[in-house]
>>> print(open('final_18.pdb').read())   # PDB, C-alpha atoms
ATOM      1  CA  MET A   1       0.000   0.000   0.000  1.00  0.00           C
ATOM      2  CA  VAL A   2       1.343   3.423  -0.919  1.00  0.00           C
ATOM      3  CA  ARG A   3       0.736   6.074   1.714  1.00  0.00           C
ATOM      4  CA  CYS A   4       0.482   9.550   0.312  1.00  0.00           C
ATOM      5  CA  GLU A   5       0.322  12.644   2.471  1.00  0.00           C
ATOM      6  CA  VAL A   6      -0.786  15.816   0.732  1.00  0.00           C
ATOM      7  CA  MET A   7      -0.904  19.231   2.365  1.00  0.00           C
ATOM      8  CA  PHE A   8      -3.292  21.690   0.726  1.00  0.00           C
ATOM      9  CA  VAL A   9      -2.364  25.327   0.483  1.00  0.00           C
ATOM     10  CA  ILE A  10      -4.238  28.236  -1.050  1.00  0.00           C
ATOM     11  CA  ILE A  11      -3.043  28.654  -4.593  1.00  0.00           C
ATOM     12  CA  PRO A  12      -4.615  30.129  -7.719  1.00  0.00           C
ATOM     13  CA  ARG A  13      -7.128  27.831  -9.409  1.00  0.00           C
ATOM     14  CA  ALA A  14      -5.030  27.416 -12.563  1.00  0.00           C
ATOM     15  CA  ALA A  15      -2.052  26.165 -10.573  1.00  0.00           C
ATOM     16  CA  ARG A  16      -3.988  23.812  -8.275  1.00  0.00           C
ATOM     17  CA  TYR A  17      -3.968  20.797 -10.536  1.00  0.00           C
ATOM     18  CA  SER A  18      -0.288  20.999 -11.396  1.00  0.00           C
ATOM     19  CA  ALA A  19       0.651  21.588  -7.741  1.00  0.00           C
ATOM     20  CA  PHE A  20      -1.425  18.601  -6.629  1.00  0.00           C
ATOM     21  CA  ALA A  21       0.137  16.437  -9.311  1.00  0.00           C
ATOM     22  CA  ALA A  22       3.638  17.500  -8.259  1.00  0.00           C
ATOM     23  CA  LEU A  23       2.939  16.804  -4.574  1.00  0.00           C
ATOM     24  CA  PHE A  24       1.403  13.426  -5.381  1.00  0.00           C
ATOM     25  CA  PHE A  25       4.330  12.409  -7.573  1.00  0.00           C
ATOM     26  CA  ALA A  26       6.895  13.494  -4.964  1.00  0.00           C
ATOM     27  CA  SER A  27       5.113  11.516  -2.245  1.00  0.00           C
ATOM     28  CA  PHE A  28       4.809   8.474  -4.469  1.00  0.00           C
ATOM     29  CA  ALA A  29       8.470   8.534  -5.513  1.00  0.00           C
ATOM     30  CA  ALA A  30       9.621   8.937  -1.907  1.00  0.00           C
ATOM     31  CA  SER A  31       7.552   5.939  -0.845  1.00  0.00           C
ATOM     32  CA  THR A  32       9.313   3.597  -3.261  1.00  0.00           C
ATOM     33  CA  PHE A  33      12.616   3.245  -1.402  1.00  0.00           C
ATOM     34  CA  GLY A  34      14.279   5.891  -3.507  1.00  0.00           C
ATOM     35  CA  TRP A  35      13.428   4.262  -6.827  1.00  0.00           C
ATOM     36  CA  SER A  36      12.036   6.285  -9.703  1.00  0.00           C
ATOM     37  CA  HIS A  37      11.167   5.575 -13.317  1.00  0.00           C
ATOM     38  CA  ASP A  38      14.391   7.356 -14.265  1.00  0.00           C
ATOM     39  CA  SER A  39      16.514   4.860 -12.303  1.00  0.00           C
ATOM     40  CA  THR A  40      18.914   2.651 -14.194  1.00  0.00           C
ATOM     41  CA  PRO A  41      18.730  -1.139 -13.783  1.00  0.00           C
ATOM     42  CA  GLU A  42      21.898  -0.955 -11.696  1.00  0.00           C
ATOM     43  CA  GLU A  43      20.380   1.686  -9.389  1.00  0.00           C
ATOM     44  CA  ARG A  44      17.231  -0.426  -8.960  1.00  0.00           C
ATOM     45  CA  ASP A  45      19.368  -3.487  -8.121  1.00  0.00           C
ATOM     46  CA  VAL A  46      21.387  -1.499  -5.559  1.00  0.00           C
ATOM     47  CA  THR A  47      18.185  -0.289  -3.885  1.00  0.00           C
ATOM     48  CA  ALA A  48      16.656  -3.779  -3.947  1.00  0.00           C
ATOM     49  CA  ALA A  49      19.884  -5.330  -2.630  1.00  0.00           C
ATOM     50  CA  LYS A  50      19.788  -2.984   0.372  1.00  0.00           C
ATOM     51  CA  PHE A  51      16.143  -3.910   0.929  1.00  0.00           C
ATOM     52  CA  VAL A  52      16.763  -7.685   0.862  1.00  0.00           C
ATOM     53  CA  ALA A  53      19.847  -7.342   3.090  1.00  0.00           C
ATOM     54  CA  GLN A  54      17.715  -5.474   5.628  1.00  0.00           C
ATOM     55  CA  LYS A  55      14.982  -8.122   5.402  1.00  0.00           C
ATOM     56  CA  LEU A  56      17.568 -10.886   5.786  1.00  0.00           C
ATOM     57  CA  GLN A  57      18.741  -9.347   9.078  1.00  0.00           C
ATOM     58  CA  ILE A  58      15.185  -9.012  10.367  1.00  0.00           C
ATOM     59  CA  TRP A  59      14.200 -12.573   9.458  1.00  0.00           C
ATOM     60  CA  GLN A  60      17.505 -14.088  10.568  1.00  0.00           C
ATOM     61  CA  ASP A  61      16.849 -12.581  14.015  1.00  0.00           C
ATOM     62  CA  ARG A  62      13.183 -13.635  14.048  1.00  0.00           C
ATOM     63  CA  MET A  63      14.027 -17.198  13.070  1.00  0.00           C
ATOM     64  CA  ASP A  64      16.904 -17.393  15.581  1.00  0.00           C
ATOM     65  CA  LEU A  65      19.549 -18.001  12.935  1.00  0.00           C
ATOM     66  CA  LYS A  66      21.928 -15.429  14.417  1.00  0.00           C
ATOM     67  CA  ASP A  67      24.747 -17.976  14.694  1.00  0.00           C
ATOM     68  CA  TRP A  68      24.766 -18.367  10.902  1.00  0.00           C
ATOM     69  CA  ASN A  69      26.776 -16.166   8.546  1.00  0.00           C
ATOM     70  CA  ILE A  70      24.232 -15.610   5.784  1.00  0.00           C
ATOM     71  CA  ARG A  71      24.577 -13.314   2.822  1.00  0.00           C
ATOM     72  CA  VAL A  72      22.100 -12.462   0.109  1.00  0.00           C
ATOM     73  CA  GLN A  73      22.779 -11.507  -3.480  1.00  0.00           C
ATOM     74  CA  LEU A  74      20.700 -10.558  -6.489  1.00  0.00           C
ATOM     75  CA  VAL A  75      21.272 -12.774  -9.515  1.00  0.00           C
ATOM     76  CA  ARG A  76      20.013 -12.905 -13.066  1.00  0.00           C
ATOM     77  CA  ALA A  77      17.447 -15.519 -14.101  1.00  0.00           C
ATOM     78  CA  ASP A  78      20.012 -17.584 -16.005  1.00  0.00           C
ATOM     79  CA  GLN A  79      21.832 -18.233 -12.703  1.00  0.00           C
ATOM     80  CA  LEU A  80      18.728 -19.870 -11.190  1.00  0.00           C
ATOM     81  CA  GLU A  81      16.855 -23.042 -11.959  1.00  0.00           C
ATOM     82  CA  PRO A  82      14.041 -22.458 -14.475  1.00  0.00           C
ATOM     83  CA  LYS A  83      10.824 -21.125 -12.939  1.00  0.00           C
ATOM     84  CA  THR A  84      12.479 -20.234  -9.612  1.00  0.00           C
ATOM     85  CA  LEU A  85      12.944 -16.862  -7.930  1.00  0.00           C
ATOM     86  CA  GLY A  86      15.825 -17.802  -5.654  1.00  0.00           C
ATOM     87  CA  ASN A  87      17.836 -20.511  -3.954  1.00  0.00           C
ATOM     88  CA  ILE A  88      20.067 -21.142  -0.978  1.00  0.00           C
ATOM     89  CA  HIS A  89      23.368 -22.956  -0.590  1.00  0.00           C
ATOM     90  CA  TRP A  90      24.617 -23.736   2.900  1.00  0.00           C
ATOM     91  CA  ASP A  91      27.418 -25.425   4.781  1.00  0.00           C
ATOM     92  CA  THR A  92      26.220 -26.739   8.149  1.00  0.00           C
ATOM     93  CA  ASP A  93      29.778 -27.325   9.403  1.00  0.00           C
ATOM     94  CA  SER A  94      30.839 -23.699   8.976  1.00  0.00           C
ATOM     95  CA  LYS A  95      27.287 -22.340   9.443  1.00  0.00           C
ATOM     96  CA  THR A  96      27.508 -20.236   6.296  1.00  0.00           C
ATOM     97  CA  ALA A  97      24.876 -19.746   3.638  1.00  0.00           C
ATOM     98  CA  THR A  98      24.237 -17.711   0.509  1.00  0.00           C
ATOM     99  CA  ILE A  99      20.754 -16.813  -0.654  1.00  0.00           C
ATOM    100  CA  ALA A 100      20.310 -15.888  -4.305  1.00  0.00           C
ATOM    101  CA  VAL A 101      17.302 -13.707  -5.166  1.00  0.00           C
ATOM    102  CA  LEU A 102      16.143 -12.854  -8.682  1.00  0.00           C
ATOM    103  CA  SER A 103      17.471  -9.494  -9.902  1.00  0.00           C
ATOM    104  CA  THR A 104      15.135  -6.553 -10.502  1.00  0.00           C
ATOM    105  CA  GLU A 105      16.097  -6.743 -14.179  1.00  0.00           C
ATOM    106  CA  ASP A 106      14.219 -10.043 -14.545  1.00  0.00           C
ATOM    107  CA  TYR A 107      11.084  -9.141 -12.582  1.00  0.00           C
ATOM    108  CA  LYS A 108       7.885  -8.162 -14.358  1.00  0.00           C
ATOM    109  CA  LEU A 109       6.042  -7.032 -11.202  1.00  0.00           C
ATOM    110  CA  PRO A 110       5.487  -3.447 -10.038  1.00  0.00           C
ATOM    111  CA  TRP A 111       8.128  -2.167  -7.585  1.00  0.00           C
ATOM    112  CA  LYS A 112       6.261  -2.770  -4.284  1.00  0.00           C
ATOM    113  CA  ALA A 113       4.996  -6.203  -5.355  1.00  0.00           C
ATOM    114  CA  MET A 114       8.511  -7.113  -6.466  1.00  0.00           C
ATOM    115  CA  LEU A 115      10.006  -6.131  -3.096  1.00  0.00           C
ATOM    116  CA  ASP A 116       7.309  -8.141  -1.293  1.00  0.00           C
ATOM    117  CA  ASP A 117       8.140 -11.118  -3.494  1.00  0.00           C
ATOM    118  CA  MET A 118      11.856 -10.720  -2.784  1.00  0.00           C
ATOM    119  CA  GLU A 119      11.128 -10.728   0.949  1.00  0.00           C
ATOM    120  CA  PHE A 120       9.051 -13.884   0.487  1.00  0.00           C
ATOM    121  CA  THR A 121      12.021 -15.476  -1.303  1.00  0.00           C
ATOM    122  CA  VAL A 122      14.359 -14.599   1.587  1.00  0.00           C
ATOM    123  CA  VAL A 123      11.954 -16.074   4.161  1.00  0.00           C
ATOM    124  CA  HIS A 124      11.328 -19.131   1.975  1.00  0.00           C
ATOM    125  CA  GLU A 125      15.066 -19.846   1.722  1.00  0.00           C
ATOM    126  CA  LEU A 126      15.562 -19.323   5.471  1.00  0.00           C
ATOM    127  CA  VAL A 127      12.844 -21.910   6.135  1.00  0.00           C
ATOM    128  CA  HIS A 128      14.837 -24.324   3.954  1.00  0.00           C
ATOM    129  CA  LEU A 129      17.844 -23.551   6.134  1.00  0.00           C
ATOM    130  CA  GLU A 130      15.834 -24.302   9.288  1.00  0.00           C
ATOM    131  CA  LEU A 131      14.983 -27.698   7.770  1.00  0.00           C
ATOM    132  CA  ALA A 132      18.562 -28.399   6.655  1.00  0.00           C
ATOM    133  CA  SER A 133      19.083 -31.164   9.215  1.00  0.00           C
ATOM    134  CA  LEU A 134      16.133 -33.213   7.928  1.00  0.00           C
ATOM    135  CA  PRO A 135      16.738 -36.029   5.451  1.00  0.00           C
ATOM    136  CA  ARG A 136      16.169 -34.978   1.837  1.00  0.00           C
ATOM    137  CA  SER A 137      15.506 -36.889  -1.329  1.00  0.00           C
ATOM    138  CA  GLU A 138      14.352 -36.091  -4.826  1.00  0.00           C
ATOM    139  CA  ALA A 139      11.039 -37.772  -3.954  1.00  0.00           C
ATOM    140  CA  SER A 140      10.432 -35.466  -0.980  1.00  0.00           C
ATOM    141  CA  ARG A 141      11.449 -32.275  -2.800  1.00  0.00           C
ATOM    142  CA  ARG A 142       7.973 -31.348  -4.097  1.00  0.00           C
ATOM    143  CA  VAL A 143       6.356 -31.931  -0.698  1.00  0.00           C
ATOM    144  CA  GLU A 144       9.096 -29.919   1.017  1.00  0.00           C
ATOM    145  CA  GLU A 145       8.648 -27.010  -1.417  1.00  0.00           C
ATOM    146  CA  HIS A 146       4.927 -26.934  -0.717  1.00  0.00           C
ATOM    147  CA  ALA A 147       5.474 -26.995   3.052  1.00  0.00           C
ATOM    148  CA  VAL A 148       8.185 -24.317   2.856  1.00  0.00           C
ATOM    149  CA  ASN A 149       5.884 -22.075   0.780  1.00  0.00           C
ATOM    150  CA  GLU A 150       3.079 -22.476   3.319  1.00  0.00           C
ATOM    151  CA  ILE A 151       5.350 -21.783   6.307  1.00  0.00           C
ATOM    152  CA  ALA A 152       6.962 -18.746   4.649  1.00  0.00           C
ATOM    153  CA  GLY A 153       3.545 -17.369   3.737  1.00  0.00           C
ATOM    154  CA  ALA A 154       2.263 -17.869   7.273  1.00  0.00           C
ATOM    155  CA  LEU A 155       5.317 -16.178   8.795  1.00  0.00           C
ATOM    156  CA  LEU A 156       4.939 -13.152   6.528  1.00  0.00           C
ATOM    157  CA  LYS A 157       1.210 -12.932   7.203  1.00  0.00           C
ATOM    158  CA  LEU A 158       1.843 -13.015  10.957  1.00  0.00           C
ATOM    159  CA  ALA A 159       4.541 -10.345  10.653  1.00  0.00           C
ATOM    160  CA  ARG A 160       2.251  -8.028   8.687  1.00  0.00           C
ATOM    161  CA  HIS A 161      -0.850  -8.582  10.813  1.00  0.00           C
ATOM    162  CA  PRO A 162       0.249  -9.190  14.417  1.00  0.00           C
TER     163      PRO A 162
END
>>> encode(input="final_18.pdb", output="structure tokens")
Amino acid sequence: MVRCEVMFVIIPRAARYSAFAALFFASFAASTFGWSHDSTPEERDVTAAKFVAQKLQIWQDRMDLKDWNIRVQLVRADQLEPKTLGNIHWDTDSKTATIAVLSTEDYKLPWKAMLDDMEFTVVHELVHLELASLPRSEASRRVEEHAVNEIAGALLKLARHP
């Protein structure tokens, strides 16, 4: 949801519409984490990378994974399995992990929806990390993915509506 605060001032009738439009646009642009339509793909990736790093910290704390050294990076679609938005690789011995999240360049969603989806990907991959000690097989992969999606969705819903 975009929150827009507009302060009305007394201005000549002819200028009202352009002033309102300017105020609305400024509020909207400020609410998008510094992103604007004039941003380059690199600038959008930098902004999104900061966002996912912040979300990683929040969710790593919430899920009590503070003893893990986890990093997140944005990657292009050709670095991911087909039809996926991210992945995680971990080493339980060293307690290190890397989460890959689809780059802004490959998303087709609007900015806010894309950031929400990126946060979902981070939470989804952290749930996989929580389950890392369980036995895995190719046969259980589909069932695990479904369970991880449901858990990640529930966690995000709880966080947004306490």
>>> residues_around(input="final_18.pdb", residues="region 63-70 of chain A", least_positions_apart="4", cutoff="9 Å", atoms="all atoms listed in the file", output="JSON, numbers by chain")
{"A": [56, 57, 58, 59, 90, 92, 94, 95, 96, 97, 98, 99, 126, 127, 129, 130]}
>>> resolve_selection(input="final_18.pdb", expression="the PyMOL selection byres ((chain A and resi 75) around 9)", output="ChimeraX atom specification")
/A:73-74,76-80,86,100-104
>>> write_last_selection(input="final_18.pdb", atoms="C-alpha atoms", output="PDB file, in the coordinates of the input")
ATOM      1  CA  GLN A  73      22.779 -11.507  -3.480  1.00  0.00           C
ATOM      2  CA  LEU A  74      20.700 -10.558  -6.489  1.00  0.00           C
ATOM      3  CA  ARG A  76      20.013 -12.905 -13.066  1.00  0.00           C
ATOM      4  CA  ALA A  77      17.447 -15.519 -14.101  1.00  0.00           C
ATOM      5  CA  ASP A  78      20.012 -17.584 -16.005  1.00  0.00           C
ATOM      6  CA  GLN A  79      21.832 -18.233 -12.703  1.00  0.00           C
ATOM      7  CA  LEU A  80      18.728 -19.870 -11.190  1.00  0.00           C
ATOM      8  CA  GLY A  86      15.825 -17.802  -5.654  1.00  0.00           C
ATOM      9  CA  ALA A 100      20.310 -15.888  -4.305  1.00  0.00           C
ATOM     10  CA  VAL A 101      17.302 -13.707  -5.166  1.00  0.00           C
ATOM     11  CA  LEU A 102      16.143 -12.854  -8.682  1.00  0.00           C
ATOM     12  CA  SER A 103      17.471  -9.494  -9.902  1.00  0.00           C
ATOM     13  CA  THR A 104      15.135  -6.553 -10.502  1.00  0.00           C
TER      14      THR A 104
END
>>> closest_residue(input="final_18.pdb", among="A:Ala49, A:Ala154, A:Leu134, A:Met118", to="Thr84 (chain A)", atoms="all atoms listed in the file")
A:Met118
>>> atom_distance(input="final_18.pdb", atom1="CA of His146 (chain A)", atom2="CA of Ser133 (chain A)")
17.8 Å
>>> closest_residue(input="final_18.pdb", among="A:Val52, A:Val123, A:Ala159, A:Ala132", to="Asp91 (chain A)", atoms="all atoms listed in the file")
A:Ala132
>>> atom_distance(input="final_18.pdb", atom1="CA of Ala139 (chain A)", atom2="CA of Asp106 (chain A)")
29.9 Å
>>> closest_residue(input="final_18.pdb", among="A:Arg44, A:Ser39, A:Gln54, A:Ser140", to="Met114 (chain A)", atoms="all atoms listed in the file")
A:Arg44
>>> axis_aligned_box(input="final_18.pdb", around="region 69-75 of chain A", padding_each_side="6 Å", output="JSON")
{"center_x": 23.7, "center_y": -13.4, "center_z": -0.5, "size_x": 18.1, "size_y": 17.6, "size_z": 30.1}
>>> atom_distance(input="final_18.pdb", atom1="CA of Leu158 (chain A)", atom2="CA of His124 (chain A)")
14.4 Å
>>> closest_residue(input="final_18.pdb", among="A:Lys55, A:Arg142, A:Arg71, A:Arg62", to="Thr121 (chain A)", atoms="only C-alpha atoms")
A:Lys55
>>> decode(input="final_18.pdb", residues="region 115-129 of chain A", atoms="all heavy atoms", output="PDB file, in the first residue's frame")
ATOM      1  N   LEU A 115       9.311  -6.106  -4.381  1.00  0.00           N
ATOM      2  CA  LEU A 115      10.006  -6.131  -3.096  1.00  0.00           C
ATOM      3  C   LEU A 115       9.340  -7.114  -2.138  1.00  0.00           C
ATOM      4  O   LEU A 115      10.031  -7.843  -1.416  1.00  0.00           O
ATOM      5  CB  LEU A 115      10.055  -4.732  -2.480  1.00  0.00           C
ATOM      6  CG  LEU A 115      10.919  -3.706  -3.213  1.00  0.00           C
ATOM      7  CD1 LEU A 115      10.860  -2.365  -2.494  1.00  0.00           C
ATOM      8  CD2 LEU A 115      12.354  -4.175  -3.384  1.00  0.00           C
ATOM      9  N   ASP A 116       8.011  -7.163  -2.129  1.00  0.00           N
ATOM     10  CA  ASP A 116       7.309  -8.141  -1.293  1.00  0.00           C
ATOM     11  C   ASP A 116       7.686  -9.562  -1.701  1.00  0.00           C
ATOM     12  O   ASP A 116       7.900 -10.433  -0.857  1.00  0.00           O
ATOM     13  CB  ASP A 116       5.793  -7.957  -1.392  1.00  0.00           C
ATOM     14  CG  ASP A 116       5.292  -6.719  -0.686  1.00  0.00           C
ATOM     15  OD1 ASP A 116       6.033  -6.137   0.129  1.00  0.00           O
ATOM     16  OD2 ASP A 116       4.131  -6.331  -0.951  1.00  0.00           O
ATOM     17  N   ASP A 117       7.782  -9.794  -2.996  1.00  0.00           N
ATOM     18  CA  ASP A 117       8.140 -11.118  -3.494  1.00  0.00           C
ATOM     19  C   ASP A 117       9.578 -11.471  -3.127  1.00  0.00           C
ATOM     20  O   ASP A 117       9.882 -12.611  -2.780  1.00  0.00           O
ATOM     21  CB  ASP A 117       7.941 -11.167  -5.010  1.00  0.00           C
ATOM     22  CG  ASP A 117       7.874 -12.580  -5.522  1.00  0.00           C
ATOM     23  OD1 ASP A 117       6.976 -13.328  -5.092  1.00  0.00           O
ATOM     24  OD2 ASP A 117       8.738 -12.948  -6.345  1.00  0.00           O
ATOM     25  N   MET A 118      10.465 -10.487  -3.182  1.00  0.00           N
ATOM     26  CA  MET A 118      11.856 -10.720  -2.784  1.00  0.00           C
ATOM     27  C   MET A 118      11.940 -11.077  -1.300  1.00  0.00           C
ATOM     28  O   MET A 118      12.702 -11.963  -0.916  1.00  0.00           O
ATOM     29  CB  MET A 118      12.715  -9.483  -3.081  1.00  0.00           C
ATOM     30  CG  MET A 118      12.968  -9.255  -4.548  1.00  0.00           C
ATOM     31  SD  MET A 118      13.893  -7.722  -4.789  1.00  0.00           S
ATOM     32  CE  MET A 118      14.609  -8.031  -6.384  1.00  0.00           C
ATOM     33  N   GLU A 119      11.145 -10.388  -0.479  1.00  0.00           N
ATOM     34  CA  GLU A 119      11.128 -10.728   0.949  1.00  0.00           C
ATOM     35  C   GLU A 119      10.602 -12.147   1.138  1.00  0.00           C
ATOM     36  O   GLU A 119      11.152 -12.911   1.943  1.00  0.00           O
ATOM     37  CB  GLU A 119      10.273  -9.736   1.730  1.00  0.00           C
ATOM     38  CG  GLU A 119      10.252 -10.036   3.219  1.00  0.00           C
ATOM     39  CD  GLU A 119       9.435  -9.055   4.040  1.00  0.00           C
ATOM     40  OE1 GLU A 119       8.667  -8.264   3.461  1.00  0.00           O
ATOM     41  OE2 GLU A 119       9.570  -9.082   5.282  1.00  0.00           O
ATOM     42  N   PHE A 120       9.569 -12.518   0.408  1.00  0.00           N
ATOM     43  CA  PHE A 120       9.051 -13.884   0.487  1.00  0.00           C
ATOM     44  C   PHE A 120      10.161 -14.878   0.139  1.00  0.00           C
ATOM     45  O   PHE A 120      10.323 -15.902   0.816  1.00  0.00           O
ATOM     46  CB  PHE A 120       7.854 -14.080  -0.453  1.00  0.00           C
ATOM     47  CG  PHE A 120       7.297 -15.473  -0.396  1.00  0.00           C
ATOM     48  CD1 PHE A 120       6.301 -15.787   0.506  1.00  0.00           C
ATOM     49  CD2 PHE A 120       7.792 -16.473  -1.226  1.00  0.00           C
ATOM     50  CE1 PHE A 120       5.794 -17.087   0.581  1.00  0.00           C
ATOM     51  CE2 PHE A 120       7.292 -17.772  -1.157  1.00  0.00           C
ATOM     52  CZ  PHE A 120       6.295 -18.073  -0.247  1.00  0.00           C
ATOM     53  N   THR A 121      10.933 -14.585  -0.895  1.00  0.00           N
ATOM     54  CA  THR A 121      12.021 -15.476  -1.303  1.00  0.00           C
ATOM     55  C   THR A 121      13.044 -15.629  -0.182  1.00  0.00           C
ATOM     56  O   THR A 121      13.491 -16.742   0.112  1.00  0.00           O
ATOM     57  CB  THR A 121      12.699 -14.965  -2.590  1.00  0.00           C
ATOM     58  OG1 THR A 121      11.713 -14.907  -3.628  1.00  0.00           O
ATOM     59  CG2 THR A 121      13.840 -15.860  -3.018  1.00  0.00           C
ATOM     60  N   VAL A 122      13.409 -14.534   0.479  1.00  0.00           N
ATOM     61  CA  VAL A 122      14.359 -14.599   1.587  1.00  0.00           C
ATOM     62  C   VAL A 122      13.810 -15.489   2.697  1.00  0.00           C
ATOM     63  O   VAL A 122      14.504 -16.382   3.203  1.00  0.00           O
ATOM     64  CB  VAL A 122      14.689 -13.183   2.117  1.00  0.00           C
ATOM     65  CG1 VAL A 122      15.440 -13.247   3.442  1.00  0.00           C
ATOM     66  CG2 VAL A 122      15.491 -12.405   1.081  1.00  0.00           C
ATOM     67  N   VAL A 123      12.559 -15.275   3.087  1.00  0.00           N
ATOM     68  CA  VAL A 123      11.954 -16.074   4.161  1.00  0.00           C
ATOM     69  C   VAL A 123      11.863 -17.537   3.732  1.00  0.00           C
ATOM     70  O   VAL A 123      12.187 -18.445   4.502  1.00  0.00           O
ATOM     71  CB  VAL A 123      10.573 -15.508   4.561  1.00  0.00           C
ATOM     72  CG1 VAL A 123       9.879 -16.416   5.569  1.00  0.00           C
ATOM     73  CG2 VAL A 123      10.718 -14.094   5.109  1.00  0.00           C
ATOM     74  N   HIS A 124      11.436 -17.771   2.517  1.00  0.00           N
ATOM     75  CA  HIS A 124      11.328 -19.131   1.975  1.00  0.00           C
ATOM     76  C   HIS A 124      12.679 -19.859   2.098  1.00  0.00           C
ATOM     77  O   HIS A 124      12.740 -20.999   2.584  1.00  0.00           O
ATOM     78  CB  HIS A 124      10.888 -19.047   0.506  1.00  0.00           C
ATOM     79  CG  HIS A 124      10.866 -20.344  -0.215  1.00  0.00           C
ATOM     80  ND1 HIS A 124       9.714 -21.054  -0.433  1.00  0.00           N
ATOM     81  CD2 HIS A 124      11.872 -21.067  -0.785  1.00  0.00           C
ATOM     82  CE1 HIS A 124      10.000 -22.164  -1.106  1.00  0.00           C
ATOM     83  NE2 HIS A 124      11.301 -22.191  -1.330  1.00  0.00           N
ATOM     84  N   GLU A 125      13.748 -19.208   1.678  1.00  0.00           N
ATOM     85  CA  GLU A 125      15.066 -19.846   1.722  1.00  0.00           C
ATOM     86  C   GLU A 125      15.549 -20.047   3.153  1.00  0.00           C
ATOM     87  O   GLU A 125      16.198 -21.051   3.458  1.00  0.00           O
ATOM     88  CB  GLU A 125      16.075 -19.047   0.899  1.00  0.00           C
ATOM     89  CG  GLU A 125      15.709 -18.889  -0.579  1.00  0.00           C
ATOM     90  CD  GLU A 125      15.406 -20.186  -1.324  1.00  0.00           C
ATOM     91  OE1 GLU A 125      15.845 -21.271  -0.890  1.00  0.00           O
ATOM     92  OE2 GLU A 125      14.724 -20.110  -2.362  1.00  0.00           O
ATOM     93  N   LEU A 126      15.198 -19.135   4.057  1.00  0.00           N
ATOM     94  CA  LEU A 126      15.562 -19.323   5.471  1.00  0.00           C
ATOM     95  C   LEU A 126      14.809 -20.505   6.086  1.00  0.00           C
ATOM     96  O   LEU A 126      15.354 -21.209   6.943  1.00  0.00           O
ATOM     97  CB  LEU A 126      15.311 -18.043   6.268  1.00  0.00           C
ATOM     98  CG  LEU A 126      16.256 -16.884   5.979  1.00  0.00           C
ATOM     99  CD1 LEU A 126      15.820 -15.639   6.732  1.00  0.00           C
ATOM    100  CD2 LEU A 126      17.697 -17.252   6.311  1.00  0.00           C
ATOM    101  N   VAL A 127      13.584 -20.738   5.652  1.00  0.00           N
ATOM    102  CA  VAL A 127      12.844 -21.910   6.135  1.00  0.00           C
ATOM    103  C   VAL A 127      13.564 -23.175   5.662  1.00  0.00           C
ATOM    104  O   VAL A 127      13.710 -24.130   6.434  1.00  0.00           O
ATOM    105  CB  VAL A 127      11.370 -21.887   5.681  1.00  0.00           C
ATOM    106  CG1 VAL A 127      10.674 -23.200   6.026  1.00  0.00           C
ATOM    107  CG2 VAL A 127      10.626 -20.713   6.312  1.00  0.00           C
ATOM    108  N   HIS A 128      14.035 -23.180   4.419  1.00  0.00           N
ATOM    109  CA  HIS A 128      14.837 -24.324   3.954  1.00  0.00           C
ATOM    110  C   HIS A 128      16.045 -24.532   4.872  1.00  0.00           C
ATOM    111  O   HIS A 128      16.373 -25.672   5.218  1.00  0.00           O
ATOM    112  CB  HIS A 128      15.342 -24.104   2.527  1.00  0.00           C
ATOM    113  CG  HIS A 128      14.375 -24.465   1.461  1.00  0.00           C
ATOM    114  ND1 HIS A 128      13.881 -25.740   1.276  1.00  0.00           N
ATOM    115  CD2 HIS A 128      13.814 -23.710   0.483  1.00  0.00           C
ATOM    116  CE1 HIS A 128      13.064 -25.767   0.246  1.00  0.00           C
ATOM    117  NE2 HIS A 128      12.995 -24.531  -0.264  1.00  0.00           N
ATOM    118  N   LEU A 129      16.677 -23.444   5.253  1.00  0.00           N
ATOM    119  CA  LEU A 129      17.844 -23.551   6.134  1.00  0.00           C
ATOM    120  C   LEU A 129      17.458 -24.139   7.484  1.00  0.00           C
ATOM    121  O   LEU A 129      18.183 -24.977   8.036  1.00  0.00           O
ATOM    122  CB  LEU A 129      18.496 -22.177   6.311  1.00  0.00           C
ATOM    123  CG  LEU A 129      19.819 -22.148   7.064  1.00  0.00           C
ATOM    124  CD1 LEU A 129      20.862 -23.033   6.393  1.00  0.00           C
ATOM    125  CD2 LEU A 129      20.320 -20.714   7.180  1.00  0.00           C
TER     126      LEU A 129
END
